[in-house]
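For reference, the structure is listed below as structure tokens.
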Number of protein chains: 2
Amino acid sequence: MAIQFWFEFASSYSYPAAMRIEAAAAARGIAVEWKAFLLGPIFRSQGWNDSPFNLYPAKGRYMWRDLSRLCEELHLPFVRPSQFPRNGLLAARVACAFANEPWLPAFVRAFYAANFARDEDVSSVAVIARCLESAGQHPEALLAAAGSETSKAKLRAQGEEAERLGLFGAPSFVVGRELFWGNDRLESALAWHAAHDAGRA
Amino acid sequence: MAIQFWFEFASSYSYPAAMRIEAAAAARGIAVEWKAFLLGPIFRSQGWNDSPFNLYPAKGRYMWRDLSRLCEELHLPFVRPSQFPRNGLLAARVACAFANEPWLPAFVRAFYAANFARDEDVSSVAVIARCLESAGQHPEALLAAAGSETSKAKLRAQGEEAERLGLFGAPSFVVGRELFWGNDRLESALAWHAAHDAGRA
């Protein structure tokens with residue numbers, strides 16, 4: 001049993017989660033399934049046409065301060081992006097099409113660092129190409145494949161799976177039938193895995 | 001410098017926070033200021049006429065499961081209340097009027113246990129009276145004082161202070177100028193206090 005890591009490229013708290021999940025899971029011998037999805041359709045079905053951090057200013061002000069403290073604690077560089085949220089559609093198609101590639105986690109981390117540590121326009125093809133290069137890949141063929149109808153359908157299906165699982169925010173972790181929401185639930189999710197996978201072994 | 005504990009009697013995650021803050025703060029030699037407030041007016045100013053856990057069912061389903069897991073982890077009894085949220089107005093007036101009394105934390109804990117461990121109708125005067133008794137007090141005079149105009153004005157002023165501080169949910173912790181939101185930020189708030197109070201000493 002793996003831990004499923006459901007992340008949204010635009011999501012602020014997905015940044016620290018993406019940066020630390022691989023090492024944290026590996027330390028417990030747990031495999032990670034990387035599941036990109038889009039929050040937009042889920043938010044729209046709740047009547048939101050923007051991030052709740054923009055719709056509810058007090059919540060937004062708090063989030064930026066909290067995230068900044070958190071990154072300091074985790075020794076992660078952090079620069080508040082000049083635009084939020086940034087469109088993660090193309091990146092999500094890449095991550096969904098190549099979910100099982102060994103370079104995928106490095107690509108995801110490169111994307112988050114570009115967005116939340118260097119304030120780069122990660123919605124642009126150029127920045128995504130650079131993220132692929134930094135993960136050791138040649139971008140052209142991968143970006144073409146990510147734009148294919150197959151890949152688009154794959155991301156849509158993953159979004160439907162997210163709704164069936166009851167996801168309403170990101171990052172989320174799924175272990176068996178248990179859902180954990182938020183970067184600060186990563187440790188609980190891993191502990192749950194350890195307790196319940198051991199029982200089945 | 002004390003840590004301010006902002007709690008709302010109806011709030012589900014305020015339950016574990018209320019049960020553990022006194023011991024957790026005392027272990028670090030930190031005093032706690034108990035600040036009851038009402039979330040209703042804050043939620044209404046965001047366009048919500050109910051708890052977000054009722055307005056957004058996926059979020060609500062998750063919260064109950066998460067809270068149940070959390071209580072198990074903390075060895076706190078938990079029964080999902082048959083009504084949620086329950087009106088905490090009278091209890092908040094008591095807590096606000098007698099915030100500095102040594103018995104106040106025991107009263108607050110008795111209230112939360114009645115609501116979230118025994119599914120009692122904590123909006124009723126009878127249950128609140130029992131909570132006062134379990135904190136070693138005679139309820140009559142205290143309840144009369146809590147219903148006075150002075151006490152009502154005190155709670156309203158505390159609500160205005162909460163808005164000025166940028167509070168948007170409960171529980172929240174305030175340390176100096178720093179806001180921490182959520183039961184799972186209690187440790188961060190205490191660590192912040194330890195780091196920054198030491199610097200001033």
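Ligands are numbered from 1 in the order shown, residues from 1 within each chain, and chains are lettered A, B, ... in the order they appear in the structure tokens.
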
Wanna dump the chain B-chain A contacts at 8 Å for me, each residue with its shortest atom pair and the distance in Å to one decimal, counting only C-alpha atoms, ordered by chain and number, as CSV?
```
residue,atom,partner,partner_atom,distance
B:Gln46,CA,A:Tyr56,CA,7.0
B:Tyr56,CA,A:Gln46,CA,7.0
B:Ala58,CA,A:Gly166,CA,5.7
B:Lys59,CA,A:Phe168,CA,6.4
B:Tyr62,CA,A:Leu179,CA,7.4
B:Asp66,CA,A:Phe180,CA,7.4
B:Gly166,CA,A:Ala58,CA,5.7
B:Leu167,CA,A:Ala58,CA,7.1
B:Phe168,CA,A:Ala58,CA,6.4
B:Leu179,CA,A:Tyr62,CA,7.4
B:Phe180,CA,A:Asp66,CA,7.4
B:Asp184,CA,A:Asp184,CA,7.7
```

Practice task
Excluding A:Arg130 and any residue of its chain fewer than 6 positions from it, enumerate the residues within 10 Å of it, using only C-alpha atoms, and give them as number ranges by chain.
Solution key: A: 107, 110-111, 114, 122, 136-139

What are the DSSP strand (DSSP E or B) residues of stretch 14-172 of chain B, as a compact mmCIF listing (two decimals) with C-alpha atoms, in the first residue's frame?
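To be explicit, this is the file written out as selection.txt:
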```txt
# COMPACT_ATOMS: atom_id res chain seq x y z
CA VAL B 32 -2.73 31.44 29.17
CA GLU B 33 -5.26 34.24 28.61
CA TRP B 34 -8.67 32.64 27.90
CA LYS B 35 -10.53 34.68 25.28
CA ALA B 36 -14.01 33.47 24.33
CA SER B 172 -6.71 30.74 17.36
```

Practice task
Can you list, as an MDAnalysis selection string, all residues belonging to stretch 12-186 of chain B that DSSP tags as helix (DSSP H, G or I)?
Solution key: chainID B and resid 14:26 40:45 52:55 57:74 89:97 104:116 125:134 139:146 149:164 183:186

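The nearest approach to A:Val125 among the residues A:Ala18, A:Ala10, A:Val108, A:Ala91, with only C-alpha atoms taken into account, belongs to A:Ala91.
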
Handout entry: Near-B:Asn49 list (12 Å; only C-alpha atoms; drop same-chain fewer than 6 positions) as a ChimeraX atom specification
Key = /B:39-43,55,85

Residue subset to file, keeping N, CA, C and O atoms, as a PDB file, in the first residue's frame:
```pdb
ATOM      1  N   LEU B  39     -17.974  33.266  16.620  1.00  0.00           N
ATOM      2  CA  LEU B  39     -17.594  33.255  15.208  1.00  0.00           C
ATOM      3  C   LEU B  39     -18.737  33.705  14.313  1.00  0.00           C
ATOM      4  O   LEU B  39     -18.505  34.134  13.180  1.00  0.00           O
ATOM      5  N   GLY B  40     -19.975  33.601  14.814  1.00  0.00           N
ATOM      6  CA  GLY B  40     -21.146  33.926  13.993  1.00  0.00           C
ATOM      7  C   GLY B  40     -21.012  35.245  13.239  1.00  0.00           C
ATOM      8  O   GLY B  40     -21.139  35.282  12.014  1.00  0.00           O
ATOM      9  N   PRO B  41     -20.741  36.350  13.952  1.00  0.00           N
ATOM     10  CA  PRO B  41     -20.649  37.645  13.260  1.00  0.00           C
ATOM     11  C   PRO B  41     -19.528  37.657  12.213  1.00  0.00           C
ATOM     12  O   PRO B  41     -19.676  38.270  11.150  1.00  0.00           O
ATOM     13  N   ILE B  42     -18.419  36.989  12.492  1.00  0.00           N
ATOM     14  CA  ILE B  42     -17.303  36.940  11.535  1.00  0.00           C
ATOM     15  C   ILE B  42     -17.704  36.125  10.312  1.00  0.00           C
ATOM     16  O   ILE B  42     -17.469  36.522   9.168  1.00  0.00           O
ATOM     17  N   PHE B  43     -18.341  34.981  10.543  1.00  0.00           N
ATOM     18  CA  PHE B  43     -18.816  34.168   9.423  1.00  0.00           C
ATOM     19  C   PHE B  43     -19.839  34.933   8.590  1.00  0.00           C
ATOM     20  O   PHE B  43     -19.807  34.909   7.360  1.00  0.00           O
ATOM     21  N   LEU B  55     -21.991  24.126   5.543  1.00  0.00           N
ATOM     22  CA  LEU B  55     -22.171  24.704   4.202  1.00  0.00           C
ATOM     23  C   LEU B  55     -21.427  23.902   3.140  1.00  0.00           C
ATOM     24  O   LEU B  55     -21.856  23.828   1.999  1.00  0.00           O
ATOM     25  N   PRO B  85     -23.679  23.427  14.637  1.00  0.00           N
ATOM     26  CA  PRO B  85     -23.077  23.803  15.905  1.00  0.00           C
ATOM     27  C   PRO B  85     -24.141  24.077  16.967  1.00  0.00           C
ATOM     28  O   PRO B  85     -25.272  24.388  16.617  1.00  0.00           O
TER      29      PRO B  85
END
```

Residue neighbourhood stretch 21-28 of chain A, 8 Å, only C-alpha atoms, exclusion window fewer than 2 positions, as a PDB file with N, CA, C and O atoms, in the first residue's frame:
```pdb
ATOM      1  N   ALA A  17       4.610  20.504   1.326  1.00  0.00           N
ATOM      2  CA  ALA A  17       4.298  19.062   1.300  1.00  0.00           C
ATOM      3  C   ALA A  17       5.084  18.368   0.191  1.00  0.00           C
ATOM      4  O   ALA A  17       5.668  17.301   0.392  1.00  0.00           O
ATOM      5  N   ALA A  18       5.125  18.994  -0.991  1.00  0.00           N
ATOM      6  CA  ALA A  18       5.838  18.388  -2.123  1.00  0.00           C
ATOM      7  C   ALA A  18       7.334  18.317  -1.846  1.00  0.00           C
ATOM      8  O   ALA A  18       8.007  17.361  -2.251  1.00  0.00           O
ATOM      9  N   MET A  19       7.853  19.316  -1.138  1.00  0.00           N
ATOM     10  CA  MET A  19       9.287  19.336  -0.896  1.00  0.00           C
ATOM     11  C   MET A  19       9.709  18.264   0.108  1.00  0.00           C
ATOM     12  O   MET A  19      10.840  17.816   0.104  1.00  0.00           O
ATOM     13  N   ILE A  30       7.870   3.849   2.905  1.00  0.00           N
ATOM     14  CA  ILE A  30       6.543   3.944   2.260  1.00  0.00           C
ATOM     15  C   ILE A  30       6.691   4.548   0.870  1.00  0.00           C
ATOM     16  O   ILE A  30       7.381   5.566   0.694  1.00  0.00           O
ATOM     17  N   ALA A  31       6.057   3.947  -0.121  1.00  0.00           N
ATOM     18  CA  ALA A  31       6.091   4.474  -1.482  1.00  0.00           C
ATOM     19  C   ALA A  31       5.060   5.588  -1.646  1.00  0.00           C
ATOM     20  O   ALA A  31       4.008   5.569  -0.998  1.00  0.00           O
ATOM     21  N   VAL A  32       5.359   6.538  -2.502  1.00  0.00           N
ATOM     22  CA  VAL A  32       4.460   7.673  -2.747  1.00  0.00           C
ATOM     23  C   VAL A  32       3.881   7.576  -4.159  1.00  0.00           C
ATOM     24  O   VAL A  32       4.613   7.356  -5.114  1.00  0.00           O
ATOM     25  N   PRO A 105       8.955  13.404  -9.411  1.00  0.00           N
ATOM     26  CA  PRO A 105       9.074  14.193  -8.177  1.00  0.00           C
ATOM     27  C   PRO A 105      10.035  15.380  -8.323  1.00  0.00           C
ATOM     28  O   PRO A 105       9.749  16.472  -7.826  1.00  0.00           O
ATOM     29  N   LEU A 186       0.674  15.440   7.061  1.00  0.00           N
ATOM     30  CA  LEU A 186       1.554  14.447   6.429  1.00  0.00           C
ATOM     31  C   LEU A 186       2.037  13.410   7.440  1.00  0.00           C
ATOM     32  O   LEU A 186       1.996  12.203   7.181  1.00  0.00           O
ATOM     33  N   LEU A 190       1.339   9.331   7.416  1.00  0.00           N
ATOM     34  CA  LEU A 190       2.409   8.329   7.401  1.00  0.00           C
ATOM     35  C   LEU A 190       2.296   7.403   8.622  1.00  0.00           C
ATOM     36  O   LEU A 190       2.507   6.193   8.516  1.00  0.00           O
ATOM     37  N   ALA A 194       1.793   3.372   8.647  1.00  0.00           N
ATOM     38  CA  ALA A 194       2.673   2.459   9.386  1.00  0.00           C
ATOM     39  C   ALA A 194       1.846   1.538  10.295  1.00  0.00           C
ATOM     40  O   ALA A 194       2.067   0.330  10.355  1.00  0.00           O
TER      41      ALA A 194
END
```

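For the set B:Pro16, B:Gly159, B:Gly60, B:Gly88, the residue with the smallest atom-to-atom gap to B:Val127 is B:Gly88, counting only C-alpha atoms.
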
Problem - Residue contacts of B:Asp121 (10 Å, only C-alpha atoms) excluding same-chain residues fewer than 6 positions away, as a ChimeraX atom specification - result: /B:81-83,86-87,111,114-115,127-128

Keeping C-alpha atoms, export the residues of the selection given above as a compact mmCIF listing (two decimals), in the first residue's frame.
```
# COMPACT_ATOMS: atom_id res chain seq x y z
CA PRO B 81 -22.81 15.73 18.60
CA SER B 82 -26.31 15.09 17.26
CA GLN B 83 -26.61 18.84 16.69
CA ARG B 86 -24.69 24.32 19.32
CA ASN B 87 -25.31 27.85 20.56
CA PHE B 111 -18.55 22.57 28.58
CA ALA B 114 -20.49 17.91 27.64
CA ASN B 115 -20.78 18.89 23.95
CA VAL B 127 -26.15 22.08 31.31
CA ILE B 128 -24.16 25.29 31.72
```

Exercise for the section: Within 9 Å of B:Leu143, counting only C-alpha atoms, which residues show up once you throw out same-chain ones fewer than 5 positions away? Write them as a ChimeraX atom specification, please. Expected result: /B:90,93-94,125,128-129,148

Write out the residues from the selection above, keeping N, CA, C and O atoms, as a short mmCIF file (atom, residue, chain, number, x, y, z; two decimals), in the first residue's frame.
```
data_model
loop_
_atom_site.label_atom_id
_atom_site.label_comp_id
_atom_site.auth_asym_id
_atom_site.auth_seq_id
_atom_site.Cartn_x
_atom_site.Cartn_y
_atom_site.Cartn_z
N LEU B 90 -24.46 31.89 25.85
CA LEU B 90 -24.46 32.08 27.30
C LEU B 90 -23.10 31.67 27.89
O LEU B 90 -22.53 32.38 28.73
N ARG B 93 -20.63 34.34 27.34
CA ARG B 93 -20.79 35.48 28.26
C ARG B 93 -20.19 35.14 29.63
O ARG B 93 -19.55 35.98 30.26
N VAL B 94 -20.40 33.90 30.09
CA VAL B 94 -19.80 33.48 31.36
C VAL B 94 -18.27 33.58 31.26
O VAL B 94 -17.60 34.16 32.12
N VAL B 125 -29.44 26.35 29.80
CA VAL B 125 -28.96 26.89 31.08
C VAL B 125 -28.64 25.76 32.05
O VAL B 125 -27.67 25.84 32.81
N ILE B 128 -25.19 24.31 31.36
CA ILE B 128 -24.16 25.29 31.72
C ILE B 128 -24.03 25.40 33.24
O ILE B 128 -22.92 25.50 33.78
N ALA B 129 -25.16 25.34 33.92
CA ALA B 129 -25.13 25.36 35.40
C ALA B 129 -24.35 24.16 35.91
O ALA B 129 -23.52 24.28 36.82
N SER B 148 -25.98 40.03 32.46
CA SER B 148 -26.11 41.49 32.63
C SER B 148 -25.65 42.24 31.39
O SER B 148 -24.94 41.72 30.55
#
```

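Between atom CA of A:His196 and atom CA of A:Glu161 there is a distance of 22.9 Å.
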
Practice task
Write out as a PyMOL selection string which residues come within 10 Å of A:Ala157 when counting only C-alpha atoms, dropping same-chain ones fewer than 6 positions away.
Solution key: chain A and resi 37+96+151+163
